[in-house]
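Everything on this sheet refers to the single structure shown next.
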Amino acid sequence: MAAKAGAAASFMFMLFFLNTACQAQLSPAFYDSSCPNALSAIGTAIRSAIASDRRMAASLIRLHFHDCFVQGCDASILLDETTSIQSEKTALGNLNSARGYNVIDKAKTEVEKICPGVVSCADIIAVAARDASAYVGGPSYAVKLGRRDSTTASRTLANAELPAFFESLESLISRFQKKGLTARDMVALSGSHTLGQAQCFTFRERIYNHSNIDAGFASTRRRRCPRVGSNSTLAPLDLVTPNSFDNNYFKNLMQNKGLLQSDQVLFNGGSTDSIVSEYSRNPARFRSDFGSAMIKMGDIGLLTGSAGQIRRICSAVNN
């Protein structure tokens with residue numbers, strides 16, 4: 001029995017050591033020598049995209065999240081379907097929903113012009129999310145760099161591991177904990193929904209059949225989302241400041257004006273009520289926690305060193 005316990009302890013230590021070693025290889029200065037103008041090139045592409053389409057800021061933050069939650073932050077979400085790859089782009093949580101692939105492709109093209117084969121697509125996604133946040137008034141933070149790109153993708157894992165709009169608080173907390181993220185991390189990351197939009201079919205049940213929703217808010221939302229049809233019609237998650245990164249999302253939740261069930265459960269008599277309340281009163285704390293949670297999320301399931309590859313084109317594995 002003691003031998004088994006010792007072996008288990010050694011195994012857990014090895015997992016901790018390997019994870020710590022991978023994270024130690026990441027650094028905001030990773031490309032300072034190999035491609036000193038990489039971040040500038042990426043930033044220019046991201047700012048141009050959001051200037052043309054303000055909604056793209058939320059899409060790029062969400063793209064990073066959906067990448068990291070499936071196989072880790074390895075740019076697997078960017079891979080197209082092939083005979084050997086199940087593209088995550090067609091997973092339930094991404095199909096006709098995830099956006100920004102072309103923006104990452106554009107940024108990659110610009111970086112390849114100055115430093116071919118040096119900067120990973122996974123790092124470009126992470127930097128793009130940070131730059132998107134900063135461009136619309138959200139926090140900027142130091143992105144750790146040095147990730148490498150996967151050579152595989154998994155639609156099956158994406159379908160199983162991406163959170164859904166109808167999930168309970170307990171289910172959401174469990175999902176995030178499995179990725180090494182706390183309930184506070186989850187609530188902070190959810191605050192970026194202040195920039196997002198949702199399709200009618202994702203909130204129809206809530207605005208017609210839920211009781212924990214402000215009556216006037218529900219009535220307003222029903223105008224663009226009838227009981228039948230208009231499934232793909234978009235509506236902003238935050239009606240007040242839909243194009244600015246602020247803490248209004250949390251104020252909405254406290255008034256029962258969360259559009260998605262998975263948003264309102266964060267303030268519905270449960271364990272995260274106090275966090276929502278804190279962020280509604282203290283926008284500086286929200287911004288700080290959001291930046292910290294994004295950095296923490298960026299450490300999930302890393303490929304570093306000689307693992308994976310640096311894709312030349314983000315949508316395809318190198319030959």
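Just remember, in the structure tokens the first chain shown is A, the second B, etc., residues are 1-based per chain, and ligands are 1-based in the order shown.
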Original post:
Near A:Cys200, within 7 Å and counting only C-alpha atoms, which residues show up once chain neighbours fewer than 6 positions away are dropped, as JSON, numbers by chain?
Top reply: {"A": [225, 230, 231, 232, 233, 234]}
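Residues in contact range of A:Ser262, defined as at most 6 Å between only C-alpha atoms, with sequence neighbours fewer than 5 positions away removed, read Phe165, Phe166 and Glu167 of chain A.
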Subject >> For A:Arg99: contacts at 8 Å, only C-alpha atoms, fewer than 5 positions along chain excluded, given as a ChimeraX atom specification >> reply: /A:56,59-60,63
**OP:** Have a look at A:Lys179, A:Arg147, A:Lys89, A:His193 and name the one nearest to A:Tyr31; count only C-alpha atoms.
**Re:**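 Comparing A:Lys179, A:Arg147, A:Lys89, A:His193 against A:Tyr31, the winner is A:Arg147.
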Each residue of stretch 125-166 of chain A with at least one atom at most 9 Å from stretch 280-295 of chain A should appear once, together with its nearest atom pair and the corresponding distance in Å (one decimal); atoms considered: only C-alpha atoms; ordering: chain, then increasing residue number; output as CSV.
```
residue,atom,partner,partner_atom,distance
A:Ala126,CA,A:Met294,CA,8.8
A:Ala129,CA,A:Met294,CA,8.8
A:Arg130,CA,A:Met294,CA,8.3
A:Gly138,CA,A:Arg287,CA,7.1
A:Pro139,CA,A:Arg287,CA,5.8
A:Ser140,CA,A:Gly291,CA,7.0
A:Tyr141,CA,A:Gly291,CA,5.9
A:Ala142,CA,A:Ile295,CA,7.8
A:Val143,CA,A:Ile295,CA,6.5
A:Lys144,CA,A:Ile295,CA,7.4
```
For the selection you just gave me, I'd like the residues written to a file as a JSON list (two decimals), in the first residue's frame, keeping all heavy atoms.
```json
[["chain", "number", "residue", "atom", "x", "y", "z"],
["A", 126, "ALA", "N", -3.29, 34.31, -28.95],
["A", 126, "ALA", "CA", -3.18, 34.85, -27.60],
["A", 126, "ALA", "C", -2.93, 36.35, -27.63],
["A", 126, "ALA", "O", -3.54, 37.12, -26.86],
["A", 126, "ALA", "CB", -2.07, 34.13, -26.83],
["A", 129, "ALA", "N", -6.09, 38.31, -28.78],
["A", 129, "ALA", "CA", -7.09, 38.47, -27.73],
["A", 129, "ALA", "C", -6.74, 39.64, -26.82],
["A", 129, "ALA", "O", -7.59, 40.46, -26.46],
["A", 129, "ALA", "CB", -7.22, 37.18, -26.92],
["A", 130, "ARG", "N", -5.46, 39.73, -26.45],
["A", 130, "ARG", "CA", -5.01, 40.84, -25.60],
["A", 130, "ARG", "C", -5.17, 42.18, -26.33],
["A", 130, "ARG", "O", -5.69, 43.15, -25.77],
["A", 130, "ARG", "CB", -3.55, 40.62, -25.22],
["A", 130, "ARG", "CG", -2.97, 41.63, -24.19],
["A", 130, "ARG", "CD", -2.38, 42.89, -24.82],
["A", 130, "ARG", "NE", -1.47, 42.65, -25.91],
["A", 130, "ARG", "CZ", -0.17, 42.37, -25.77],
["A", 130, "ARG", "NH1", 0.35, 42.28, -24.56],
["A", 130, "ARG", "NH2", 0.60, 42.19, -26.84],
["A", 138, "GLY", "N", -10.53, 47.66, -22.81],
["A", 138, "GLY", "CA", -10.30, 46.66, -21.79],
["A", 138, "GLY", "C", -8.85, 46.65, -21.33],
["A", 138, "GLY", "O", -8.03, 47.44, -21.81],
["A", 139, "PRO", "N", -8.51, 45.76, -20.41],
["A", 139, "PRO", "CA", -7.15, 45.72, -19.90],
["A", 139, "PRO", "C", -6.15, 45.19, -20.92],
["A", 139, "PRO", "O", -6.48, 44.36, -21.76],
["A", 139, "PRO", "CB", -7.24, 44.78, -18.69],
["A", 139, "PRO", "CG", -8.43, 43.92, -19.00],
["A", 139, "PRO", "CD", -9.39, 44.78, -19.74],
["A", 140, "SER", "N", -4.94, 45.72, -20.84],
["A", 140, "SER", "CA", -3.82, 45.13, -21.56],
["A", 140, "SER", "C", -2.98, 44.40, -20.53],
["A", 140, "SER", "O", -2.99, 44.74, -19.35],
["A", 140, "SER", "CB", -2.99, 46.22, -22.24],
["A", 140, "SER", "OG", -1.96, 45.66, -23.02],
["A", 141, "TYR", "N", -2.30, 43.37, -20.94],
["A", 141, "TYR", "CA", -1.54, 42.55, -20.00],
["A", 141, "TYR", "C", -0.40, 41.90, -20.78],
["A", 141, "TYR", "O", -0.43, 41.81, -22.01],
["A", 141, "TYR", "CB", -2.43, 41.48, -19.35],
["A", 141, "TYR", "CG", -3.30, 40.73, -20.33],
["A", 141, "TYR", "CD1", -2.85, 39.57, -20.95],
["A", 141, "TYR", "CD2", -4.58, 41.19, -20.66],
["A", 141, "TYR", "CE1", -3.63, 38.89, -21.87],
["A", 141, "TYR", "CE2", -5.37, 40.53, -21.58],
["A", 141, "TYR", "CZ", -4.90, 39.38, -22.18],
["A", 141, "TYR", "OH", -5.67, 38.72, -23.10],
["A", 142, "ALA", "N", 0.61, 41.45, -20.07],
["A", 142, "ALA", "CA", 1.78, 40.84, -20.71],
["A", 142, "ALA", "C", 1.44, 39.41, -21.12],
["A", 142, "ALA", "O", 1.15, 38.57, -20.28],
["A", 142, "ALA", "CB", 2.96, 40.85, -19.76],
["A", 143, "VAL", "N", 1.46, 39.15, -22.43],
["A", 143, "VAL", "CA", 1.17, 37.80, -22.93],
["A", 143, "VAL", "C", 2.46, 36.98, -22.94],
["A", 143, "VAL", "O", 3.45, 37.37, -23.56],
["A", 143, "VAL", "CB", 0.59, 37.85, -24.36],
["A", 143, "VAL", "CG1", 0.34, 36.45, -24.89],
["A", 143, "VAL", "CG2", -0.70, 38.66, -24.38],
["A", 144, "LYS", "N", 2.42, 35.85, -22.24],
["A", 144, "LYS", "CA", 3.56, 34.95, -22.28],
["A", 144, "LYS", "C", 3.58, 34.23, -23.63],
["A", 144, "LYS", "O", 2.53, 33.78, -24.11],
["A", 144, "LYS", "CB", 3.49, 33.95, -21.13],
["A", 144, "LYS", "CG", 3.66, 34.59, -19.76],
["A", 144, "LYS", "CD", 3.79, 33.57, -18.66],
["A", 144, "LYS", "CE", 2.47, 32.89, -18.35],
["A", 144, "LYS", "NZ", 2.59, 31.97, -17.18]]
```
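Candidate residues A:Pro236, A:Pro226, A:Gly301, A:Pro116 were compared for distance to A:Ala198, and the nearest is A:Pro236, using only C-alpha atoms.
Residues surrounding A:Asp123 within 8 Å are A:Leu145, A:Gly146, A:Arg147, A:Arg148 [only C-alpha atoms; sequence separation below 6 positions excluded].
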Residues as selected, all heavy atoms, written as a short mmCIF file (atom, residue, chain, number, x, y, z; two decimals), in the first residue's frame, can you do that?
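Here's the written file part_12.cif:
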```cif
data_model
loop_
_atom_site.label_atom_id
_atom_site.label_comp_id
_atom_site.auth_asym_id
_atom_site.auth_seq_id
_atom_site.Cartn_x
_atom_site.Cartn_y
_atom_site.Cartn_z
N LEU A 145 4.76 34.13 -24.23
CA LEU A 145 4.89 33.61 -25.59
C LEU A 145 5.86 32.43 -25.63
O LEU A 145 6.68 32.25 -24.75
CB LEU A 145 5.38 34.73 -26.51
CG LEU A 145 4.50 35.98 -26.56
CD1 LEU A 145 5.22 37.12 -27.25
CD2 LEU A 145 3.17 35.66 -27.24
N GLY A 146 5.73 31.65 -26.70
CA GLY A 146 6.58 30.48 -26.87
C GLY A 146 5.79 29.22 -27.11
O GLY A 146 6.34 28.11 -27.14
N ARG A 147 4.47 29.36 -27.28
CA ARG A 147 3.63 28.19 -27.60
C ARG A 147 3.98 27.68 -29.00
O ARG A 147 4.42 28.43 -29.86
CB ARG A 147 2.15 28.57 -27.59
CG ARG A 147 1.63 29.09 -26.27
CD ARG A 147 0.25 29.70 -26.44
NE ARG A 147 -0.17 30.39 -25.23
CZ ARG A 147 0.21 31.62 -24.89
NH1 ARG A 147 1.01 32.29 -25.72
NH2 ARG A 147 -0.19 32.17 -23.78
N ARG A 148 3.71 26.42 -29.21
CA ARG A 148 3.82 25.85 -30.55
C ARG A 148 2.46 25.33 -30.98
O ARG A 148 1.54 25.19 -30.17
CB ARG A 148 4.89 24.74 -30.57
CG ARG A 148 6.30 25.34 -30.49
CD ARG A 148 7.36 24.29 -30.29
NE ARG A 148 7.50 23.37 -31.41
CZ ARG A 148 8.24 23.60 -32.49
NH1 ARG A 148 8.90 24.74 -32.63
NH2 ARG A 148 8.33 22.70 -33.45
#
```
Original post:
With distances taken over only C-alpha atoms, which of A:Ile77, A:Ala51, A:Ile125, A:Val276 is nearest to A:Ala98?
Top reply: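 Nearest to A:Ala98: A:Ile77.
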Subject >> Which residue of A:Leu195, A:Leu39, A:Val103, A:Leu92 approaches A:Val127 most closely, using only C-alpha atoms >> reply: A:Leu39
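By chain and then residue number, the residues within 10 Å of A:Ser84 are Glu81, Thr82, Gln86, Ser87, Thr152 and Ala153 of chain A, counting only C-alpha atoms and disregarding those fewer than 2 positions away in sequence.
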Now that the selection is made, can you save its residues with C-alpha atoms as a PDB file, in the first residue's frame?
```pdb
ATOM      1  CA  GLU A  81     -11.090  19.713 -42.211  1.00  0.00           C
ATOM      2  CA  THR A  82      -8.989  17.081 -43.995  1.00  0.00           C
ATOM      3  CA  GLN A  86     -11.696  16.654 -37.622  1.00  0.00           C
ATOM      4  CA  SER A  87     -11.958  20.421 -37.770  1.00  0.00           C
ATOM      5  CA  THR A 152      -4.180  17.636 -34.689  1.00  0.00           C
ATOM      6  CA  ALA A 153      -7.661  18.894 -33.871  1.00  0.00           C
TER       7      ALA A 153
END
```
**OP:** Find, counting only C-alpha atoms, the residue in A:Thr194, A:Gln199, A:Ser271, A:Asn256 that gets nearest to A:Asp238.
**Re:** A:Thr194
**OP:** With a distance cut-off of 8 Å and only C-alpha atoms, select the neighbouring residues of stretch 180-188 of chain A, excluding the residue or stretch itself and same-chain residues fewer than 2 positions from it, and output the selection as a VMD selection string.
**Re:** chain A and resid 173 176 to 178 190 to 192 266 272 275 to 276 286 289 to 290 293 296 to 297 300
Original post:
stretch 51-262 of chain A: which residues are helix (DSSP H, G or I) by DSSP, as a ChimeraX atom specification?
Top reply: /A:51-52,56-68,76-78,88-90,101-114,121-135,155-161,169-178,183-195,200-209,215-222,248-254,261-262
Original post:
Using only C-alpha atoms, which of A:Val265, A:Leu162, A:Val228, A:Ile85 sits nearest A:Asn212?
Top reply: A:Val265
Subject >> Separation of atom CA of A:Tyr135 from atom CA of A:Ile50 in Å >> reply: 8.0 Å
